[in-house]
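Asks: Got a structure here, written out as structure tokens. Questions coming.
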Amino acid sequence: MRRNNDIPAGTVTSITVTSRAIANNMLGDSLERRVDVYVPAGHDGKDLPLLVDLVGFTAGGPKHTNWQNFGENVPERADRLIADGKMAPCVIAFPDCFTRLGGNQYINSSAMGNWADFLIEECVPAIEQQFGCGGDGKRGVFGKSSGGYGSMVHALLYPDFWAAAACHAGDMGFELGYAPDFPHTLRRIAKGGGTIERFIESFENAVKLSGDDLHALMILAMAATYDPDPDSYLGIRLPVTMDTCEIIPERWAQWKRWDPLELADTHGEGLKPLKALYIDCGDVDQYNLVYGARRMTRKLAALGVEHVYEEFPDNHSSVDYRMDVSLPYLVEALSA
């Protein structure tokens, strides 16, 4: 999608939120967090719905406000959708939740930091106070991949705070999405020095990042998120044995309790008051997430939770164009 320079451009303002919520993190991550806030042309933000963009692993919110080659960033996408009459005006926030381990699942963790508290108790209130947007019934959250996971889990756990959510290719079905990567992670750790600490030191000192190592780092970040160990390096412990890659039942159970499919069994009824819930996934998603998405839509249907579910002919990569579907849907619901 090529940017149209004739469309009225909104403004993007960067604010800083100093967090107490993530002060518990074991990674040494900064408590000063940049949040970019988009306000559409001709508006100051007052009384508009608020959407919060949760980005995928390895990214931070400001990535979505950066210049894009051969395409649009998210503010430019919103400009076009609004100018074409396909979406009502709204404020969109892009919080930087990047961590030393490369990403975030947007839940509370004694190792990664209390990121859910950051969003709900610090970030969103700061935005709403400064721009006069959002408020009860007018807040929505959306994201892809890890951000889609965050959006789905926030909808499940905090339906009294969020009124709408969109999950693009979110992490669901952990035995399909994560477990197949455990052998790869152990091999990379072995190559990087034999321990998690040495692997991370090697990763951080590398002159060029390896995609294989980055994928292993993601699994370590998930470990620090779902089952943190205060006595381990950076709070990381894996749910498998380091030599034979056998699942450790009690550790894997801690991961599984954070699977949205498990949370839907205990919290799914709470989704019913949402004004809008949108889920999609590419039908050839290379991380097997389409199977988790299909399981989720069946669970929600069985519970009587109204939602929109769509599959599209693509994989997990470069699918920001799906926001052309989800964002207008969310904003319409929040504007009612």
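Numbering starts fresh at 1 for the residues of each chain in the structure tokens, the chains themselves are lettered A, B, ... in the order given, and ligands are numbered from 1 as they appear.
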Could you pull the residues within 10 Å of His43 (chain A), counting only C-alpha atoms, minus those fewer than 5 positions along the same chain, as a list in words?

Replies: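 Skipping anything fewer than 5 positions along the chain leaves Gly10, Thr11, Leu48, Pro89, Cys90 and Val91 of chain A.
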
Asks: What parts of region 6-150 of chain A does DSSP call alpha helix (DSSP H)? I'd like the answer as a VMD selection string.

Replies: chain A and resid 74 to 83 115 to 117 124 to 131 146 to 150

Asks: Using only C-alpha atoms, can you tell me which of A:Thr195, A:Thr58, A:Asn205, A:Gln68 comes closest to Leu238 (chain A)?

Replies: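 Under the stated criterion, the closest residue is A:Thr195.
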
Asks: Could you work out how far CA of Cys123 (chain A) lies from CA of Pro75 (chain A), giving the answer in Å with one decimal?

Replies: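 So the two atoms, CA of Pro75 (chain A) and CA of Cys123 (chain A), lie 18.9 Å apart.
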
Asks: Which residue gives the smallest distance to Glu269 (chain A) among A:Pro159, A:Gly102, A:Gly194, A:Gly134, with only C-alpha atoms counted?

Replies: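 That would be A:Pro159, the residue with the smallest distance to Glu269 (chain A).
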
Asks: For the structure I just gave you, how does DSSP split region 36-205 of chain A - specifically, which residues are strand (DSSP E)? Reply as an MDAnalysis selection string.

Replies: chainID A and resid 36:39 50:54 91:95 108:109 113:114 139:144 164:168

Asks: Using N, CA and C atoms, can you write the selected residues to a file as a compact mmCIF listing (two decimals), in the first residue's frame?

Replies:
```
# COMPACT_ATOMS: atom_id res chain seq x y z
N ASP A 36 4.01 6.79 21.63
CA ASP A 36 3.59 7.65 20.54
C ASP A 36 2.07 7.65 20.49
N VAL A 37 1.48 8.83 20.27
CA VAL A 37 0.02 8.95 20.27
C VAL A 37 -0.41 9.66 18.98
N TYR A 38 -1.20 8.96 18.19
CA TYR A 38 -1.73 9.50 16.94
C TYR A 38 -3.10 10.14 17.18
N VAL A 39 -3.24 11.36 16.68
CA VAL A 39 -4.52 12.06 16.70
C VAL A 39 -4.85 12.46 15.27
N LEU A 50 -10.24 5.39 21.90
CA LEU A 50 -8.81 5.13 21.99
C LEU A 50 -8.52 3.68 21.64
N LEU A 51 -7.59 3.48 20.71
CA LEU A 51 -7.07 2.16 20.42
C LEU A 51 -5.62 2.09 20.87
N VAL A 52 -5.21 0.96 21.44
CA VAL A 52 -3.83 0.75 21.87
C VAL A 52 -3.23 -0.39 21.06
N ASP A 53 -2.12 -0.10 20.40
CA ASP A 53 -1.46 -1.05 19.50
C ASP A 53 -0.38 -1.80 20.26
N LEU A 54 -0.55 -3.12 20.38
CA LEU A 54 0.45 -3.99 21.00
C LEU A 54 1.21 -4.70 19.88
N VAL A 91 -8.16 7.99 18.34
CA VAL A 91 -6.79 8.14 18.81
C VAL A 91 -6.17 6.75 18.86
N ILE A 92 -4.91 6.64 18.45
CA ILE A 92 -4.21 5.36 18.52
C ILE A 92 -2.90 5.56 19.28
N ALA A 93 -2.66 4.73 20.27
CA ALA A 93 -1.45 4.82 21.08
C ALA A 93 -0.52 3.66 20.77
N PHE A 94 0.79 3.95 20.80
CA PHE A 94 1.82 2.98 20.46
C PHE A 94 2.86 2.93 21.58
N PRO A 95 2.60 2.16 22.63
CA PRO A 95 3.55 2.12 23.76
C PRO A 95 4.78 1.27 23.45
N ASN A 108 1.64 -9.67 33.51
CA ASN A 108 2.51 -9.44 34.66
C ASN A 108 3.46 -10.61 34.86
N SER A 109 4.73 -10.29 35.12
CA SER A 109 5.75 -11.31 35.35
C SER A 109 6.76 -10.77 36.35
N GLY A 113 8.58 -8.04 34.29
CA GLY A 113 7.94 -6.80 34.74
C GLY A 113 6.43 -6.94 34.68
N ASN A 114 5.75 -6.09 35.41
CA ASN A 114 4.28 -6.15 35.45
C ASN A 114 3.70 -5.29 34.31
N ARG A 139 -12.47 2.19 24.92
CA ARG A 139 -11.07 1.74 24.81
C ARG A 139 -11.02 0.40 24.08
N GLY A 140 -10.09 0.31 23.14
CA GLY A 140 -9.88 -0.96 22.44
C GLY A 140 -8.41 -1.28 22.36
N VAL A 141 -8.09 -2.57 22.23
CA VAL A 141 -6.71 -3.02 22.15
C VAL A 141 -6.58 -3.94 20.96
N PHE A 142 -5.48 -3.83 20.22
CA PHE A 142 -5.28 -4.68 19.06
C PHE A 142 -3.80 -5.00 18.91
N GLY A 143 -3.51 -6.08 18.19
CA GLY A 143 -2.12 -6.43 17.96
C GLY A 143 -2.00 -7.70 17.15
N LYS A 144 -0.77 -7.97 16.71
CA LYS A 144 -0.48 -9.15 15.91
C LYS A 144 0.59 -9.99 16.61
N ALA A 164 -13.22 -3.42 23.55
CA ALA A 164 -13.11 -4.08 22.25
C ALA A 164 -11.67 -4.57 22.08
N ALA A 165 -11.50 -5.62 21.27
CA ALA A 165 -10.17 -6.19 21.06
C ALA A 165 -10.09 -6.84 19.69
N ALA A 166 -8.90 -6.79 19.10
CA ALA A 166 -8.63 -7.48 17.85
C ALA A 166 -7.32 -8.25 17.99
N CYS A 167 -7.37 -9.52 17.64
CA CYS A 167 -6.22 -10.42 17.76
C CYS A 167 -5.86 -10.94 16.38
N HIS A 168 -4.73 -10.46 15.85
CA HIS A 168 -4.23 -10.95 14.57
C HIS A 168 -3.15 -12.01 14.84
```
